[in-house]
$ cat final23.cif   # mmCIF, C-alpha atoms
data_model
loop_
_atom_site.label_atom_id
_atom_site.label_comp_id
_atom_site.auth_asym_id
_atom_site.auth_seq_id
_atom_site.Cartn_x
_atom_site.Cartn_y
_atom_site.Cartn_z
CA MET A 36 0.00 0.00 0.00
CA THR A 37 1.27 3.47 -0.88
CA GLU A 38 2.89 5.40 1.92
CA ARG A 39 1.11 8.70 2.45
CA LYS A 40 2.72 11.73 3.98
CA ILE A 41 0.77 13.88 6.43
CA LEU A 42 2.03 17.23 7.68
CA LEU A 43 0.64 18.46 11.02
CA VAL A 44 0.96 22.20 11.60
CA ASP A 45 0.04 23.56 15.04
CA ASP A 46 2.10 25.62 17.46
CA VAL A 47 1.08 23.49 20.46
CA ASP A 48 3.23 20.40 20.69
CA TYR A 49 0.73 18.19 22.55
CA THR A 50 -2.06 19.19 20.15
CA ARG A 51 -0.04 17.87 17.20
CA GLN A 52 0.65 14.72 19.18
CA LEU A 53 -3.04 14.33 20.01
CA LEU A 54 -3.94 14.62 16.35
CA ARG A 55 -1.29 12.15 15.28
CA ASN A 56 -2.32 9.60 17.95
CA ASN A 57 -5.92 9.81 16.87
CA ILE A 58 -5.18 9.48 13.16
CA MET A 59 -3.16 6.37 13.98
CA ALA A 60 -5.95 5.02 16.24
CA ILE A 61 -8.50 5.49 13.45
CA CYS A 62 -6.17 3.71 10.99
CA GLN A 63 -5.74 0.79 13.39
CA SER A 64 -9.49 0.54 14.04
CA GLY A 65 -10.07 -0.26 10.37
CA LYS A 66 -12.45 2.67 9.89
CA ILE A 67 -10.38 3.79 6.92
CA ARG A 68 -8.51 1.72 4.37
CA ASN A 69 -5.14 3.44 4.35
CA LYS A 70 -2.95 2.49 7.28
CA ASN A 71 0.41 3.60 6.11
CA PHE A 72 1.01 7.23 7.01
CA THR A 73 4.28 9.02 7.66
CA PHE A 74 3.96 12.09 9.84
CA TYR A 75 5.81 15.40 9.73
CA ASN A 76 5.36 18.12 12.34
CA ALA A 77 5.78 21.87 12.37
CA GLY A 78 4.98 24.40 15.10
CA LYS A 79 5.55 27.52 13.01
CA ALA A 80 4.64 28.68 9.52
CA SER A 81 8.32 29.02 8.54
CA ALA A 82 9.15 25.44 9.56
CA ALA A 83 5.95 24.21 7.92
CA MET A 84 6.92 25.89 4.64
CA ASP A 85 10.38 24.26 4.68
CA LEU A 86 8.95 20.83 5.47
CA PHE A 87 6.22 21.15 2.88
CA SER A 88 8.70 22.10 0.13
CA MET A 89 10.93 19.15 1.01
CA GLN A 90 8.32 16.44 1.55
CA LEU A 91 5.38 17.59 -0.61
CA PRO A 92 2.84 15.76 1.60
CA GLY A 93 -0.47 14.50 0.28
CA MET A 94 -2.41 15.75 3.27
CA VAL A 95 -1.97 18.64 5.71
CA PHE A 96 -3.79 19.53 8.94
CA LEU A 97 -3.16 23.26 9.12
CA ASP A 98 -4.04 25.44 12.10
CA ILE A 99 -5.23 28.90 11.02
CA GLU A 100 -3.79 30.70 14.05
CA LEU A 101 -0.02 30.30 13.94
CA PRO A 102 2.45 32.47 15.87
CA ASP A 103 4.41 33.76 12.86
CA ALA A 104 1.81 33.86 10.05
CA SER A 105 -1.78 33.11 9.21
CA GLY A 106 -2.54 29.53 8.25
CA LEU A 107 -4.67 30.93 5.42
CA GLU A 108 -1.59 32.54 3.86
CA LEU A 109 0.26 29.27 4.19
CA LEU A 110 -2.66 27.44 2.59
CA LYS A 111 -2.32 29.55 -0.56
CA LYS A 112 1.43 28.88 -0.74
CA PHE A 113 0.97 25.14 -0.26
CA LYS A 114 -1.69 24.98 -2.98
CA LYS A 115 0.61 26.84 -5.36
CA LEU A 116 3.43 24.38 -4.73
CA LYS A 117 1.22 21.28 -4.86
CA PRO A 118 -2.26 21.99 -6.23
CA ASP A 119 -3.55 18.46 -5.54
CA CYS A 120 -2.59 18.56 -1.87
CA PHE A 121 -5.54 17.80 0.45
CA ILE A 122 -5.53 20.47 3.13
CA VAL A 123 -7.69 20.41 6.24
CA MET A 124 -7.88 23.77 7.99
CA VAL A 125 -8.14 23.68 11.77
CA SER A 126 -9.45 26.56 13.83
CA GLY A 127 -11.11 27.39 17.11
CA VAL A 128 -13.26 29.89 15.24
CA SER A 129 -15.70 28.25 12.85
CA THR A 130 -17.35 31.40 11.54
CA LEU A 131 -18.88 31.26 8.10
CA ASN A 132 -16.22 33.71 6.89
CA ASN A 133 -13.40 31.52 8.12
CA VAL A 134 -14.91 28.43 6.51
CA LYS A 135 -15.73 30.19 3.22
CA GLN A 136 -12.31 31.82 3.02
CA SER A 137 -10.63 28.45 3.60
CA ILE A 138 -12.61 26.82 0.80
CA ALA A 139 -12.01 29.77 -1.53
CA ASP A 140 -8.27 29.45 -0.92
CA GLY A 141 -8.30 25.76 -1.77
CA ALA A 142 -8.88 23.93 1.52
CA ALA A 143 -10.59 20.56 1.20
CA SER A 144 -12.09 20.51 4.67
CA PHE A 145 -12.34 22.37 7.94
CA ILE A 146 -12.13 21.15 11.53
CA ALA A 147 -13.51 23.34 14.28
CA LYS A 148 -11.57 22.84 17.51
CA PRO A 149 -11.85 21.17 19.99
CA PHE A 150 -10.87 17.92 18.29
CA THR A 151 -13.17 14.93 18.50
CA GLY A 152 -12.76 11.47 17.03
CA ASP A 153 -15.72 12.07 14.69
CA LYS A 154 -14.23 15.25 13.22
CA ILE A 155 -10.88 13.61 12.53
CA LEU A 156 -12.55 10.53 11.04
CA ALA A 157 -14.72 12.70 8.77
CA ALA A 158 -11.61 14.47 7.40
CA LEU A 159 -9.78 11.17 6.82
CA ARG A 160 -12.79 9.62 5.07
CA LEU A 161 -13.07 12.64 2.81
CA TYR A 162 -9.36 12.29 1.98
CA GLU A 163 -9.92 8.64 1.04
CA ARG A 164 -12.83 9.57 -1.21
CA TYR A 165 -10.62 12.24 -2.79
CA LEU A 166 -7.85 9.70 -3.45
CA ALA A 167 -10.32 7.24 -4.96
CA GLN A 168 -11.56 9.80 -7.51
CA MET B 272 -23.22 5.55 23.04
CA THR B 273 -26.47 7.38 23.66
CA ASP B 274 -29.82 6.11 22.38
CA THR B 275 -31.23 9.61 21.93
CA ILE B 276 -31.13 10.96 18.41
CA ARG B 277 -29.64 14.45 18.29
CA LEU B 278 -30.99 16.86 15.75
CA ILE B 279 -30.23 20.37 14.52
CA LEU B 280 -33.30 22.36 13.58
CA ALA B 281 -32.60 25.46 11.49
CA GLU B 282 -35.69 27.62 11.05
CA ASP B 283 -35.93 31.40 11.26
CA ASP B 284 -39.68 31.59 11.91
CA ASP B 285 -40.08 31.63 15.71
CA PHE B 286 -43.50 30.02 15.77
CA LEU B 287 -42.64 27.25 13.31
CA ARG B 288 -39.34 26.55 15.05
CA GLN B 289 -40.98 26.11 18.43
CA LEU B 290 -43.70 23.92 16.95
CA LEU B 291 -41.18 21.72 15.11
CA GLN B 292 -38.99 21.49 18.18
CA MET B 293 -41.92 20.22 20.23
CA GLN B 294 -42.87 17.73 17.50
CA CYS B 295 -39.32 16.36 17.30
CA GLU B 296 -38.94 16.23 21.08
CA ALA B 297 -42.18 14.26 21.25
CA HIS B 298 -40.34 11.61 19.21
CA GLY B 299 -37.61 11.54 21.86
CA ALA B 300 -35.11 13.65 19.91
CA GLU B 301 -32.72 16.08 21.54
CA VAL B 302 -33.08 19.27 19.52
CA ALA B 303 -30.66 22.16 19.04
CA ALA B 304 -32.71 24.94 17.46
CA VAL B 305 -30.97 27.68 15.45
CA THR B 306 -32.29 30.57 13.36
CA ASN B 307 -29.94 30.75 10.39
CA GLY B 308 -27.65 28.75 8.14
CA GLU B 309 -24.43 30.02 9.71
CA GLU B 310 -25.38 28.69 13.13
CA ALA B 311 -26.44 25.42 11.51
CA VAL B 312 -23.03 25.04 9.79
CA SER B 313 -21.19 25.83 13.00
CA LEU B 314 -23.20 23.28 15.02
CA ALA B 315 -23.03 20.61 12.31
CA LEU B 316 -19.23 20.89 12.24
CA SER B 317 -19.18 19.88 15.91
CA TYR B 318 -20.21 16.40 14.61
CA GLU B 319 -22.37 15.99 17.71
CA TYR B 320 -25.67 15.75 15.83
CA ASP B 321 -27.18 12.91 13.84
CA VAL B 322 -29.58 14.75 11.53
CA LEU B 323 -29.96 18.31 10.27
CA LEU B 324 -33.35 19.76 9.33
CA MET B 325 -32.96 22.95 7.37
CA ASP B 326 -35.37 25.64 6.26
CA ILE B 327 -34.42 27.08 2.86
CA GLN B 328 -35.12 30.80 3.17
CA MET B 329 -33.14 31.99 6.16
CA PRO B 330 -31.14 35.15 6.92
CA VAL B 331 -27.28 35.34 6.96
CA CYS B 332 -26.85 32.08 5.06
CA ASP B 333 -29.76 30.25 3.44
CA GLY B 334 -30.40 26.53 3.66
CA ILE B 335 -28.99 25.67 0.23
CA GLN B 336 -25.77 27.62 0.83
CA ALA B 337 -25.33 26.03 4.26
CA MET B 338 -25.92 22.50 2.89
CA THR B 339 -23.56 23.10 -0.06
CA LEU B 340 -20.83 24.33 2.27
CA LEU B 341 -21.20 21.36 4.58
CA ARG B 342 -21.11 18.88 1.70
CA GLN B 343 -18.01 20.61 0.29
CA LEU B 344 -16.38 20.03 3.67
CA GLY B 345 -17.21 16.32 3.52
CA TYR B 346 -20.09 16.42 5.98
CA ASP B 347 -21.77 13.08 5.34
CA ARG B 348 -24.64 13.07 7.82
CA PRO B 349 -28.27 13.43 6.71
CA ILE B 350 -29.43 16.94 5.82
CA TYR B 351 -33.12 17.46 5.04
CA ALA B 352 -34.58 20.53 3.42
CA MET B 353 -37.88 21.79 4.78
CA SER B 354 -39.80 23.67 2.14
CA ALA B 355 -43.15 24.24 0.54
CA ASP B 356 -41.36 24.47 -2.82
CA ASN B 357 -39.82 21.84 -4.99
CA ILE B 358 -36.11 21.70 -4.04
CA THR B 359 -33.80 20.35 -6.71
CA ALA B 360 -30.38 21.23 -5.24
CA ASP B 361 -28.00 18.25 -5.04
CA GLY B 362 -26.79 17.32 -1.59
CA PHE B 363 -29.95 17.09 0.49
CA THR B 364 -30.78 13.64 1.84
CA GLY B 365 -34.43 14.42 1.26
CA VAL B 366 -37.06 17.14 1.26
CA LEU B 367 -39.76 17.42 3.91
CA GLN B 368 -42.75 19.26 2.48
CA LYS B 369 -43.99 22.17 4.54
CA PRO B 370 -46.23 22.13 6.49
CA LEU B 371 -44.58 19.06 8.01
CA GLN B 372 -46.86 16.11 8.52
CA GLU B 373 -46.61 13.87 11.54
CA ALA B 374 -46.27 10.85 9.24
CA ASP B 375 -43.16 12.40 7.60
CA LEU B 376 -41.51 12.98 10.95
CA GLN B 377 -42.39 9.46 12.04
CA GLN B 378 -40.72 8.11 8.90
CA LEU B 379 -37.66 10.30 9.48
CA PHE B 380 -37.16 8.99 13.00
CA GLN B 381 -37.61 5.43 11.80
CA GLN B 382 -34.96 5.89 9.11
CA HIS B 383 -32.30 7.47 11.28
CA SER B 384 -30.81 6.38 14.55
CA PRO B 385 -28.11 7.88 16.79
CA LYS B 386 -24.67 7.55 15.21
CA PRO B 387 -22.07 5.84 17.38
CA SER B 388 -19.35 8.37 18.01
CA VAL B 389 -15.63 7.74 17.67
CA ALA B 390 -13.95 8.39 21.01
CA LEU B 391 -10.95 10.71 21.07
CA VAL B 392 -7.88 8.80 22.23
CA ILE B 393 -5.90 10.74 24.83
CA ALA B 394 -2.69 9.01 25.95
CA PRO B 395 -2.00 9.48 29.70
CA GLU B 396 1.42 11.03 29.03
CA LEU B 397 -0.17 13.55 26.68
CA MET B 398 -2.77 14.46 29.28
CA GLN B 399 0.09 14.88 31.74
CA GLN B 400 1.88 17.16 29.31
CA PHE B 401 -1.25 19.28 28.91
CA LEU B 402 -1.81 19.56 32.66
CA GLN B 403 1.85 20.38 33.28
CA SER B 404 1.65 23.25 30.79
CA LEU B 405 -1.20 24.90 32.71
CA PRO B 406 0.74 26.65 35.55
CA GLN B 407 2.98 28.41 33.04
CA LEU B 408 -0.01 29.30 30.91
CA GLN B 409 -1.79 30.73 33.94
CA GLN B 410 1.24 32.89 34.69
CA GLN B 411 1.30 34.12 31.10
CA LEU B 412 -2.43 34.93 31.18
CA ASP B 413 -2.08 36.86 34.45
CA HIS B 414 0.99 38.68 33.20
CA CYS B 415 -0.76 39.73 29.97
CA CYS B 416 -3.75 40.95 31.95
CA GLN B 417 -1.57 43.00 34.33
CA GLN B 418 0.31 44.51 31.39
CA GLN B 419 -2.95 45.01 29.52
CA ASN B 420 -1.42 43.15 26.60
CA TRP B 421 -4.81 42.34 25.11
CA PRO B 422 -3.68 40.89 21.74
CA GLU B 423 -1.46 38.34 23.45
CA LEU B 424 -4.15 37.55 26.02
CA GLN B 425 -6.56 36.97 23.15
CA ARG B 426 -4.10 34.66 21.41
CA LEU B 427 -3.50 32.65 24.59
CA SER B 428 -7.20 32.35 25.44
CA HIS B 429 -7.90 31.24 21.89
CA LYS B 430 -5.29 28.49 22.13
CA LEU B 431 -6.58 27.41 25.52
CA ALA B 432 -10.18 27.25 24.27
CA GLY B 433 -9.11 24.69 21.68
CA SER B 434 -6.76 22.59 23.78
CA ALA B 435 -8.90 22.51 26.97
CA GLY B 436 -11.87 21.30 24.92
CA SER B 437 -9.82 18.62 23.18
CA PHE B 438 -8.41 17.36 26.49
CA GLY B 439 -11.83 16.99 28.10
CA TYR B 440 -12.28 20.27 29.99
CA PRO B 441 -15.32 21.81 28.27
CA ALA B 442 -16.06 24.35 31.05
CA ALA B 443 -12.53 25.79 30.86
CA SER B 444 -12.76 25.79 27.07
CA GLU B 445 -16.07 27.67 27.18
CA ARG B 446 -14.72 30.23 29.67
CA ALA B 447 -11.60 30.76 27.54
CA LYS B 448 -13.91 31.39 24.55
CA GLN B 449 -15.87 33.96 26.58
CA LEU B 450 -12.62 35.66 27.53
CA GLN B 451 -11.53 35.70 23.90
CA LEU B 452 -14.88 37.12 22.82
CA ALA B 453 -14.74 39.84 25.49
CA LEU B 454 -11.27 40.81 24.24
CA MET B 455 -12.43 40.86 20.63
CA GLN B 456 -15.31 43.13 21.60
CA GLN B 457 -12.94 45.36 23.59
CA ALA B 458 -14.99 44.82 26.75
CA PRO B 459 -14.10 46.83 29.89
CA SER B 460 -11.13 45.49 31.86
CA THR B 461 -13.44 44.50 34.76
CA VAL B 462 -15.25 42.06 32.44
CA ILE B 463 -11.95 40.66 31.19
CA GLU B 464 -10.65 40.26 34.74
CA HIS B 465 -13.86 38.50 35.75
CA HIS B 466 -13.53 35.94 32.94
CA LEU B 467 -9.87 35.43 33.72
CA THR B 468 -10.58 34.85 37.44
CA GLN B 469 -13.21 32.25 36.55
CA LEU B 470 -10.89 30.65 34.02
CA ASN B 471 -8.08 30.46 36.58
CA LYS B 472 -10.43 28.69 39.00
CA LEU B 473 -11.33 26.09 36.37
CA LEU B 474 -7.67 25.55 35.45
CA GLN B 475 -6.84 25.16 39.13
CA GLU B 476 -9.53 22.49 39.40
CA ALA B 477 -8.17 20.72 36.35
CA MET B 478 -4.67 20.64 37.81
CA HIS B 479 -5.94 19.17 41.08
CA ASP B 480 -8.24 16.60 39.48
#
$ encode --input "final23.cif" --output "structure tokens"
Amino acid sequence: MTERKILLVDDVDYTRQLLRNNIMAICQSGKIRNKNFTFYNAGKASAAMDLFSMQLPGMVFLDIELPDASGLELLKKFKKLKPDCFIVMVSGVSTLNNVKQSIADGAASFIAKPFTGDKILAALRLYERYLAQ
Amino acid sequence: MTDTIRLILAEDDDFLRQLLQMQCEAHGAEVAAVTNGEEAVSLALSYEYDVLLMDIQMPVCDGIQAMTLLRQLGYDRPIYAMSADNITADGFTGVLQKPLQEADLQQLFQQHSPKPSVALVIAPELMQQFLQSLPQLQQQLDHCCQQQNWPELQRLSHKLAGSAGSFGYPAASERAKQLQLALMQQAPSTVIEHHLTQLNKLLQEAMHD
């Protein structure tokens, strides 16, 4: 099975870890088909940009509120570098504007914090459907 | 897993909304009633509801826009349009003709049951890490408040709202959101201090759990 790269971008270390643990738990539970993910982590926009350019991941969980830049700006740069990248925006503020702006800038999905298993599963299932297209 | 079906009811007409809420509750449903499409999108994205019933003509964001947005985001739970008109937009699970008949609601509740939810896995060491970060965070919050560094206080409360909720402290998360909102609205410092005091209490409780 193809190895898929996932980049997790959030400035809180344990939040990235929480996300990674739960993606892995969902993979192991058999709720999605793909089980072979490699994870990359970044806490800042600058580090995320470097990692993205080097690894060109297939999927990104991208927090909108980063300490050194807006996640929305980063989203545009990522989509320019790799237009088929599946990017899930993550934010504590799920206003219609935030959601619409994310979609307009090329995001595939949107997770409103706090994280739950159902939200993460929904994003992963959508990614699988996207890959199957 | 709960055996109560949870439903979002989006309807801007006060009378109709109350009537529909009573009808759905009579079927044993737990109902979250909202008055526009934006609130419906926001609630749906919490993934805490099994079915969404949506009026079409609503202020802020109409029912078709809200459904389209949710489907674009991969929302795969049932969304029903409620309308007296013929709705042809792709994405609705079905259309309930207004005025809603009891038989239609009966059929809806027979077709849909509560969705088992996927539990969030929180490793003990991660929980420990989160709890250990709280004293420093409290110091930072207090310091920002003393210095009246509102942008930084807003950033910290925003972060805390997300992480406290994810780690199973909804009351602290909610209070952090209220603090963030007060800062965004440039509320008087007494209001901000009040929210911060309450937030500190909740964080203290979390640390001594």
$ residues_around --input "final23.cif" --residues "Asp321 of chain B" --least-positions-apart "3" --cutoff "12 Å" --atoms "all atoms listed in the file" --output "PyMOL selection string"
(chain A and resi 153) or (chain B and resi 273-280+300-303+314-318+324+346-351+379-380+382-388)
$ closest_atom_pairs --input "final23.cif" --of "chain A" --to "chain B" --cutoff "7 Å" --atoms "all atoms listed in the file" --output "CSV"
residue,atom,partner,partner_atom,distance
A:Tyr49,CA,B:Leu397,CA,6.3
A:Thr50,CA,B:Ser434,CA,6.8
A:Leu53,CA,B:Ile393,CA,6.7
A:Asn57,CA,B:Val392,CA,5.8
A:Gly127,CA,B:Gly433,CA,5.7
A:Ser129,CA,B:Ser313,CA,6.0
A:Thr130,CA,B:Ser313,CA,6.9
A:Leu131,CA,B:Glu309,CA,5.9
A:Ala143,CA,B:Leu344,CA,6.3
A:Ser144,CA,B:Leu344,CA,4.4
A:Phe145,CA,B:Leu344,CA,6.3
A:Ala147,CA,B:Leu316,CA,6.5
A:Lys148,CA,B:Gly433,CA,5.2
A:Pro149,CA,B:Ser437,CA,4.6
A:Phe150,CA,B:Ser437,CA,5.1
A:Thr151,CA,B:Leu391,CA,5.4
A:Gly152,CA,B:Leu391,CA,4.5
A:Asp153,CA,B:Val389,CA,5.3
A:Lys154,CA,B:Tyr318,CA,6.2
A:Ala157,CA,B:Gly345,CA,6.8
A:Leu161,CA,B:Gly345,CA,5.6
$ atom_distance --input "final23.cif" --atom1 "atom CA of Ser428 of chain B" --atom2 "atom CA of Glu108 of chain A"
22.3 Å
$ resolve_selection --input "final23.cif" --expression "the PyMOL selection byres ((chain A and resi 78-91) around 8)" --output "VMD selection string"
chain A and resid 40 42 44 to 48 75 to 77 92 to 93 101 to 106 109 113 116 to 117
$ residues_around --input "final23.cif" --residues "segment 409-421 of chain B" --least-positions-apart "3" --cutoff "12 Å" --atoms "all atoms listed in the file" --output "tab-separated table (two decimals) with C-alpha atoms, in the frame of the given file"
chain	number	residue	atom	x	y	z
B	402	LEU	CA	-1.81	19.56	32.66
B	403	GLN	CA	1.85	20.38	33.28
B	404	SER	CA	1.65	23.25	30.79
B	405	LEU	CA	-1.20	24.90	32.71
B	406	PRO	CA	0.74	26.65	35.55
B	424	LEU	CA	-4.15	37.55	26.02
B	425	GLN	CA	-6.56	36.97	23.15
B	426	ARG	CA	-4.10	34.66	21.41
B	427	LEU	CA	-3.50	32.65	24.59
B	428	SER	CA	-7.20	32.35	25.44
B	429	HIS	CA	-7.90	31.24	21.89
B	430	LYS	CA	-5.29	28.49	22.13
B	431	LEU	CA	-6.58	27.41	25.52
B	447	ALA	CA	-11.60	30.76	27.54
B	450	LEU	CA	-12.62	35.66	27.53
B	451	GLN	CA	-11.53	35.70	23.90
B	452	LEU	CA	-14.88	37.12	22.82
B	453	ALA	CA	-14.74	39.84	25.49
B	454	LEU	CA	-11.27	40.81	24.24
B	455	MET	CA	-12.43	40.86	20.63
B	456	GLN	CA	-15.31	43.13	21.60
B	457	GLN	CA	-12.94	45.36	23.59
B	458	ALA	CA	-14.99	44.82	26.75
B	459	PRO	CA	-14.10	46.83	29.89
B	460	SER	CA	-11.13	45.49	31.86
B	461	THR	CA	-13.44	44.50	34.76
B	462	VAL	CA	-15.25	42.06	32.44
B	463	ILE	CA	-11.95	40.66	31.19
B	464	GLU	CA	-10.65	40.26	34.74
B	465	HIS	CA	-13.86	38.50	35.75
B	466	HIS	CA	-13.53	35.94	32.94
B	467	LEU	CA	-9.87	35.43	33.72
B	468	THR	CA	-10.58	34.85	37.44
B	469	GLN	CA	-13.21	32.25	36.55
B	470	LEU	CA	-10.89	30.65	34.02
B	471	ASN	CA	-8.08	30.46	36.58
B	472	LYS	CA	-10.43	28.69	39.00
B	473	LEU	CA	-11.33	26.09	36.37
B	474	LEU	CA	-7.67	25.55	35.45
B	475	GLN	CA	-6.84	25.16	39.13
B	478	MET	CA	-4.67	20.64	37.81
$ resolve_selection --input "final23.cif" --expression "the PyMOL selection byres ((chain B and resi 371) around 10)" --output "MDAnalysis selection string"
chainID B and resid 287 291 294 353:355 367:370 372:376
